[in-house]
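Okay, structure first, notes after.
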Amino acid sequence: MTDAPKMRPNPQGLGRVFNEVPELYDRVRPGYPDELFADLVAVTGVDDKSSVLEVGCGTGQATRSLAALGCSVTAIEPGLEMAALARHRISSFRNVAVETATFEEWDDRGRRFDALVAASSWHWVDLSIGWQRAHDVLYPGGWMALLGHVVVRRPGEPEVYAETADLHERFCPGNPDWGHPPLEDDVRGLAIGALRSWHGQLPRNWRITDWRR
């Protein structure tokens, strides 16, 4: 008897799976702390007069926090079911609109924004299109905020993820850190380093700012 062939990661296929189980996704997906959005306001100056574009809003977890700032939010989500749940979750807000489209194919209708926010979603975007598109939909001097989670462990903590490392390797090979998360100190500077590695794809005159605590 031979082992089953390893399944290769398929980002687009994974995205479709999320869309099939939006309630489950919304329940188990980690949220974002209020302090993160307080920092967003402090750094970018976003207020109730600002317009924000959210790319890949999912079920609206970050969208709700953005809406609570009082700014006008246009949220894009390609998954029909995810977008429907997002609309339900933010139905009490009058300053948010959820539009169903990928960022690459979305019709901006000439609209421009003070800030673009992507919460754990920028990796779904075709970067050969995404960077320039982000530049084009932002006002001069606008901000782009890429938010996300990084799984880490601290010295002395047991590697609880190691117990499921075999499952990660079987069902999602190519993501070894899921089974063996790095130490917290090892990932400091990871986000800014990733942006600098993308620097050749960024439109001219963009500046990179890292405001992690």
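Chain identifiers are assigned as A, B, and so on, following the order in which chains appear in the structure tokens; residues are numbered from 1 within each chain, and ligands are numbered from 1 in order of appearance.
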
What are the closest atom pairs, with distances in Å to one decimal, for all residues of region 133-172 of chain A lying within 12 Å of region 108-121 of chain A? Consider only C-alpha atoms, order rows by chain and residue number, and present the result as a tab-separated table.
residue	atom	partner	partner_atom	distance
A:Arg133	CA	A:Asp108	CA	10.0
A:Ala134	CA	A:Leu116	CA	7.3
A:His135	CA	A:Leu116	CA	9.4
A:Asp136	CA	A:Arg112	CA	8.0
A:Val137	CA	A:Arg112	CA	4.8
A:Leu138	CA	A:Phe113	CA	4.8
A:Tyr139	CA	A:Phe113	CA	5.7
A:Pro140	CA	A:Asp114	CA	8.3
A:Gly141	CA	A:Asp114	CA	7.9
A:Gly142	CA	A:Asp114	CA	4.8
A:Trp143	CA	A:Ala115	CA	4.5
A:Met144	CA	A:Leu116	CA	4.7
A:Ala145	CA	A:Val117	CA	4.8
A:Leu146	CA	A:Ala118	CA	5.0
A:Leu147	CA	A:Ala119	CA	4.5
A:Gly148	CA	A:Ser120	CA	4.5
A:His149	CA	A:Ser120	CA	7.0
A:Val150	CA	A:Ser120	CA	9.9

Running DSSP on the backbone, which parts of region 11-197 of chain A land in strand (DSSP E), as an mmCIF file with all heavy atoms, in the first residue's frame?
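Result written to part33.cif:
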data_model
loop_
_atom_site.group_PDB
_atom_site.id
_atom_site.type_symbol
_atom_site.label_atom_id
_atom_site.label_comp_id
_atom_site.auth_asym_id
_atom_site.auth_seq_id
_atom_site.Cartn_x
_atom_site.Cartn_y
_atom_site.Cartn_z
ATOM 1 N N SER A 51 -12.375 58.556 2.971
ATOM 2 C CA SER A 51 -12.918 57.429 2.209
ATOM 3 C C SER A 51 -11.888 56.302 2.226
ATOM 4 O O SER A 51 -10.709 56.537 1.983
ATOM 5 C CB SER A 51 -13.228 57.844 0.774
ATOM 6 O OG SER A 51 -12.069 58.357 0.138
ATOM 7 N N VAL A 52 -12.353 55.087 2.527
ATOM 8 C CA VAL A 52 -11.462 53.940 2.647
ATOM 9 C C VAL A 52 -11.935 52.834 1.715
ATOM 10 O O VAL A 52 -13.142 52.526 1.658
ATOM 11 C CB VAL A 52 -11.420 53.415 4.099
ATOM 12 C CG1 VAL A 52 -10.604 52.125 4.186
ATOM 13 C CG2 VAL A 52 -10.837 54.476 5.031
ATOM 14 N N LEU A 53 -11.011 52.246 0.995
ATOM 15 C CA LEU A 53 -11.294 51.085 0.166
ATOM 16 C C LEU A 53 -10.718 49.868 0.861
ATOM 17 O O LEU A 53 -9.531 49.827 1.181
ATOM 18 C CB LEU A 53 -10.651 51.240 -1.213
ATOM 19 C CG LEU A 53 -10.781 50.034 -2.154
ATOM 20 C CD1 LEU A 53 -12.235 49.806 -2.541
ATOM 21 C CD2 LEU A 53 -9.907 50.217 -3.395
ATOM 22 N N GLU A 54 -11.559 48.857 1.115
ATOM 23 C CA GLU A 54 -11.073 47.611 1.711
ATOM 24 C C GLU A 54 -11.061 46.529 0.638
ATOM 25 O O GLU A 54 -12.077 46.247 0.016
ATOM 26 C CB GLU A 54 -11.941 47.167 2.892
ATOM 27 C CG GLU A 54 -11.352 45.939 3.565
ATOM 28 C CD GLU A 54 -12.218 45.342 4.658
ATOM 29 O OE1 GLU A 54 -13.331 45.863 4.888
ATOM 30 O OE2 GLU A 54 -11.806 44.344 5.264
ATOM 31 N N VAL A 55 -9.914 45.906 0.449
ATOM 32 C CA VAL A 55 -9.755 44.868 -0.564
ATOM 33 C C VAL A 55 -9.847 43.498 0.093
ATOM 34 O O VAL A 55 -9.083 43.195 1.008
ATOM 35 C CB VAL A 55 -8.399 45.015 -1.286
ATOM 36 C CG1 VAL A 55 -8.165 43.843 -2.240
ATOM 37 C CG2 VAL A 55 -8.340 46.332 -2.039
ATOM 38 N N SER A 72 -16.135 56.678 5.338
ATOM 39 C CA SER A 72 -16.885 56.014 4.272
ATOM 40 C C SER A 72 -16.072 54.823 3.795
ATOM 41 O O SER A 72 -14.901 54.967 3.431
ATOM 42 C CB SER A 72 -17.112 57.000 3.124
ATOM 43 O OG SER A 72 -17.647 56.337 2.000
ATOM 44 N N VAL A 73 -16.672 53.624 3.795
ATOM 45 C CA VAL A 73 -15.945 52.399 3.458
ATOM 46 C C VAL A 73 -16.587 51.730 2.241
ATOM 47 O O VAL A 73 -17.797 51.469 2.224
ATOM 48 C CB VAL A 73 -15.945 51.397 4.634
ATOM 49 C CG1 VAL A 73 -15.180 50.128 4.246
ATOM 50 C CG2 VAL A 73 -15.347 52.029 5.883
ATOM 51 N N THR A 74 -15.786 51.479 1.241
ATOM 52 C CA THR A 74 -16.185 50.647 0.112
ATOM 53 C C THR A 74 -15.400 49.352 0.233
ATOM 54 O O THR A 74 -14.163 49.367 0.183
ATOM 55 C CB THR A 74 -15.873 51.319 -1.236
ATOM 56 O OG1 THR A 74 -16.597 52.546 -1.332
ATOM 57 C CG2 THR A 74 -16.254 50.402 -2.395
ATOM 58 N N ALA A 75 -16.096 48.227 0.426
ATOM 59 C CA ALA A 75 -15.441 46.947 0.645
ATOM 60 C C ALA A 75 -15.670 46.040 -0.560
ATOM 61 O O ALA A 75 -16.801 45.908 -1.032
ATOM 62 C CB ALA A 75 -15.987 46.289 1.916
ATOM 63 N N ILE A 76 -14.588 45.423 -1.039
ATOM 64 C CA ILE A 76 -14.660 44.534 -2.197
ATOM 65 C C ILE A 76 -14.460 43.104 -1.726
ATOM 66 O O ILE A 76 -13.553 42.822 -0.936
ATOM 67 C CB ILE A 76 -13.566 44.863 -3.229
ATOM 68 C CG1 ILE A 76 -13.595 46.332 -3.615
ATOM 69 C CG2 ILE A 76 -13.700 43.980 -4.457
ATOM 70 C CD1 ILE A 76 -12.379 46.749 -4.419
ATOM 71 N N VAL A 96 -21.080 52.109 4.835
ATOM 72 C CA VAL A 96 -20.345 51.004 4.221
ATOM 73 C C VAL A 96 -21.127 50.425 3.049
ATOM 74 O O VAL A 96 -22.351 50.237 3.134
ATOM 75 C CB VAL A 96 -20.075 49.871 5.236
ATOM 76 C CG1 VAL A 96 -19.195 48.790 4.601
ATOM 77 C CG2 VAL A 96 -19.411 50.407 6.487
ATOM 78 N N ALA A 97 -20.421 50.115 1.967
ATOM 79 C CA ALA A 97 -21.009 49.412 0.825
ATOM 80 C C ALA A 97 -20.096 48.251 0.475
ATOM 81 O O ALA A 97 -18.875 48.413 0.390
ATOM 82 C CB ALA A 97 -21.158 50.343 -0.375
ATOM 83 N N VAL A 98 -20.683 47.064 0.289
ATOM 84 C CA VAL A 98 -19.916 45.874 -0.094
ATOM 85 C C VAL A 98 -20.196 45.580 -1.564
ATOM 86 O O VAL A 98 -21.354 45.415 -1.960
ATOM 87 C CB VAL A 98 -20.294 44.655 0.773
ATOM 88 C CG1 VAL A 98 -19.524 43.416 0.305
ATOM 89 C CG2 VAL A 98 -20.009 44.935 2.248
ATOM 90 N N GLU A 99 -19.147 45.529 -2.365
ATOM 91 C CA GLU A 99 -19.277 45.256 -3.789
ATOM 92 C C GLU A 99 -18.599 43.931 -4.118
ATOM 93 O O GLU A 99 -17.505 43.644 -3.620
ATOM 94 C CB GLU A 99 -18.655 46.397 -4.607
ATOM 95 C CG GLU A 99 -19.310 47.751 -4.297
ATOM 96 C CD GLU A 99 -18.753 48.882 -5.145
ATOM 97 O OE1 GLU A 99 -18.037 48.601 -6.130
ATOM 98 O OE2 GLU A 99 -19.048 50.054 -4.818
ATOM 99 N N PHE A 113 -9.671 57.200 -3.217
ATOM 100 C CA PHE A 113 -9.784 56.954 -1.783
ATOM 101 C C PHE A 113 -8.581 57.518 -1.033
ATOM 102 O O PHE A 113 -7.486 57.654 -1.579
ATOM 103 C CB PHE A 113 -9.894 55.448 -1.526
ATOM 104 C CG PHE A 113 -11.093 54.820 -2.186
ATOM 105 C CD1 PHE A 113 -11.019 54.400 -3.514
ATOM 106 C CD2 PHE A 113 -12.296 54.690 -1.510
ATOM 107 C CE1 PHE A 113 -12.126 53.839 -4.137
ATOM 108 C CE2 PHE A 113 -13.401 54.137 -2.132
ATOM 109 C CZ PHE A 113 -13.323 53.706 -3.447
ATOM 110 N N ASP A 114 -8.826 57.825 0.246
ATOM 111 C CA ASP A 114 -7.750 58.326 1.100
ATOM 112 C C ASP A 114 -6.867 57.197 1.612
ATOM 113 O O ASP A 114 -5.688 57.412 1.915
ATOM 114 C CB ASP A 114 -8.338 59.081 2.303
ATOM 115 C CG ASP A 114 -9.139 60.301 1.868
ATOM 116 O OD1 ASP A 114 -8.525 61.212 1.274
ATOM 117 O OD2 ASP A 114 -10.364 60.333 2.113
ATOM 118 N N ALA A 115 -7.436 56.001 1.725
ATOM 119 C CA ALA A 115 -6.661 54.861 2.221
ATOM 120 C C ALA A 115 -7.201 53.575 1.622
ATOM 121 O O ALA A 115 -8.400 53.454 1.347
ATOM 122 C CB ALA A 115 -6.711 54.790 3.747
ATOM 123 N N LEU A 116 -6.293 52.643 1.405
ATOM 124 C CA LEU A 116 -6.661 51.289 0.981
ATOM 125 C C LEU A 116 -6.212 50.339 2.083
ATOM 126 O O LEU A 116 -5.053 50.388 2.517
ATOM 127 C CB LEU A 116 -5.991 50.932 -0.348
ATOM 128 C CG LEU A 116 -6.311 49.559 -0.959
ATOM 129 C CD1 LEU A 116 -6.110 49.597 -2.476
ATOM 130 C CD2 LEU A 116 -5.455 48.438 -0.359
ATOM 131 N N VAL A 117 -7.126 49.492 2.543
ATOM 132 C CA VAL A 117 -6.819 48.531 3.604
ATOM 133 C C VAL A 117 -7.062 47.122 3.082
ATOM 134 O O VAL A 117 -8.093 46.852 2.454
ATOM 135 C CB VAL A 117 -7.695 48.781 4.852
ATOM 136 C CG1 VAL A 117 -7.461 47.695 5.906
ATOM 137 C CG2 VAL A 117 -7.403 50.164 5.440
ATOM 138 N N ALA A 118 -6.108 46.238 3.328
ATOM 139 C CA ALA A 118 -6.274 44.815 2.995
ATOM 140 C C ALA A 118 -5.921 44.023 4.246
ATOM 141 O O ALA A 118 -4.758 44.028 4.672
ATOM 142 C CB ALA A 118 -5.389 44.413 1.824
ATOM 143 N N ALA A 119 -6.911 43.400 4.859
ATOM 144 C CA ALA A 119 -6.705 42.652 6.100
ATOM 145 C C ALA A 119 -6.605 41.160 5.782
ATOM 146 O O ALA A 119 -7.607 40.514 5.470
ATOM 147 C CB ALA A 119 -7.852 42.924 7.080
ATOM 148 N N LEU A 138 -5.896 55.545 -5.265
ATOM 149 C CA LEU A 138 -5.641 56.380 -4.096
ATOM 150 C C LEU A 138 -5.415 57.830 -4.505
ATOM 151 O O LEU A 138 -4.829 58.114 -5.551
ATOM 152 C CB LEU A 138 -4.398 55.885 -3.343
ATOM 153 C CG LEU A 138 -4.551 54.599 -2.546
ATOM 154 C CD1 LEU A 138 -3.182 54.104 -2.076
ATOM 155 C CD2 LEU A 138 -5.483 54.808 -1.358
ATOM 156 N N TYR A 139 -5.887 58.751 -3.656
ATOM 157 C CA TYR A 139 -5.543 60.155 -3.851
ATOM 158 C C TYR A 139 -4.033 60.328 -3.662
ATOM 159 O O TYR A 139 -3.397 59.537 -2.958
ATOM 160 C CB TYR A 139 -6.268 61.022 -2.821
ATOM 161 C CG TYR A 139 -7.737 61.211 -3.064
ATOM 162 C CD1 TYR A 139 -8.673 60.813 -2.105
ATOM 163 C CD2 TYR A 139 -8.207 61.825 -4.224
ATOM 164 C CE1 TYR A 139 -10.033 61.001 -2.304
ATOM 165 C CE2 TYR A 139 -9.560 62.026 -4.436
ATOM 166 C CZ TYR A 139 -10.469 61.603 -3.475
ATOM 167 O OH TYR A 139 -11.811 61.785 -3.673
ATOM 168 N N PRO A 140 -3.452 61.361 -4.243
ATOM 169 C CA PRO A 140 -2.038 61.660 -3.960
ATOM 170 C C PRO A 140 -1.836 61.813 -2.454
ATOM 171 O O PRO A 140 -2.603 62.490 -1.776
ATOM 172 C CB PRO A 140 -1.811 62.990 -4.694
ATOM 173 C CG PRO A 140 -2.804 62.964 -5.826
ATOM 174 C CD PRO A 140 -4.022 62.282 -5.259
ATOM 175 N N GLY A 141 -0.826 61.138 -1.941
ATOM 176 C CA GLY A 141 -0.587 61.175 -0.500
ATOM 177 C C GLY A 141 -1.423 60.177 0.271
ATOM 178 O O GLY A 141 -1.373 60.153 1.512
ATOM 179 N N GLY A 142 -2.199 59.341 -0.431
ATOM 180 C CA GLY A 142 -3.026 58.341 0.235
ATOM 181 C C GLY A 142 -2.188 57.232 0.853
ATOM 182 O O GLY A 142 -0.992 57.099 0.580
ATOM 183 N N TRP A 143 -2.840 56.421 1.672
ATOM 184 C CA TRP A 143 -2.155 55.370 2.414
ATOM 185 C C TRP A 143 -2.648 53.993 1.990
ATOM 186 O O TRP A 143 -3.821 53.812 1.676
ATOM 187 C CB TRP A 143 -2.402 55.527 3.911
ATOM 188 C CG TRP A 143 -1.692 56.687 4.525
ATOM 189 C CD1 TRP A 143 -2.118 57.979 4.564
ATOM 190 C CD2 TRP A 143 -0.429 56.653 5.185
ATOM 191 N NE1 TRP A 143 -1.194 58.766 5.212
ATOM 192 C CE2 TRP A 143 -0.153 57.976 5.601
ATOM 193 C CE3 TRP A 143 0.487 55.646 5.463
ATOM 194 C CZ2 TRP A 143 1.016 58.309 6.292
ATOM 195 C CZ3 TRP A 143 1.643 55.965 6.151
ATOM 196 C CH2 TRP A 143 1.899 57.302 6.559
ATOM 197 N N MET A 144 -1.737 53.025 2.048
ATOM 198 C CA MET A 144 -2.084 51.631 1.836
ATOM 199 C C MET A 144 -1.659 50.858 3.071
ATOM 200 O O MET A 144 -0.485 50.876 3.452
ATOM 201 C CB MET A 144 -1.392 51.071 0.597
ATOM 202 C CG MET A 144 -1.753 49.638 0.285
ATOM 203 S SD MET A 144 -0.981 49.105 -1.267
ATOM 204 C CE MET A 144 -1.607 47.434 -1.373
ATOM 205 N N ALA A 145 -2.610 50.176 3.723
ATOM 206 C CA ALA A 145 -2.327 49.448 4.953
ATOM 207 C C ALA A 145 -2.576 47.959 4.740
ATOM 208 O O ALA A 145 -3.700 47.551 4.442
ATOM 209 C CB ALA A 145 -3.209 49.968 6.088
ATOM 210 N N LEU A 146 -1.517 47.153 4.871
ATOM 211 C CA LEU A 146 -1.624 45.707 4.749
ATOM 212 C C LEU A 146 -1.594 45.122 6.151
ATOM 213 O O LEU A 146 -0.571 45.177 6.841
ATOM 214 C CB LEU A 146 -0.468 45.152 3.913
ATOM 215 C CG LEU A 146 -0.302 45.741 2.511
ATOM 216 C CD1 LEU A 146 0.863 45.073 1.784
ATOM 217 C CD2 LEU A 146 -1.581 45.594 1.702
ATOM 218 N N LEU A 147 -2.726 44.582 6.578
ATOM 219 C CA LEU A 147 -2.855 44.025 7.922
ATOM 220 C C LEU A 147 -2.849 42.501 7.842
ATOM 221 O O LEU A 147 -3.286 41.927 6.843
ATOM 222 C CB LEU A 147 -4.165 44.495 8.571
ATOM 223 C CG LEU A 147 -4.517 45.983 8.424
ATOM 224 C CD1 LEU A 147 -5.844 46.262 9.117
ATOM 225 C CD2 LEU A 147 -3.408 46.858 8.999
#

Tell me which of A:Ala165, A:Gly58, A:Glu104, A:Arg64 sits closest to Val21 (chain A), counting only C-alpha atoms.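 For Val21 (chain A), the nearest of the candidates is A:Gly58.
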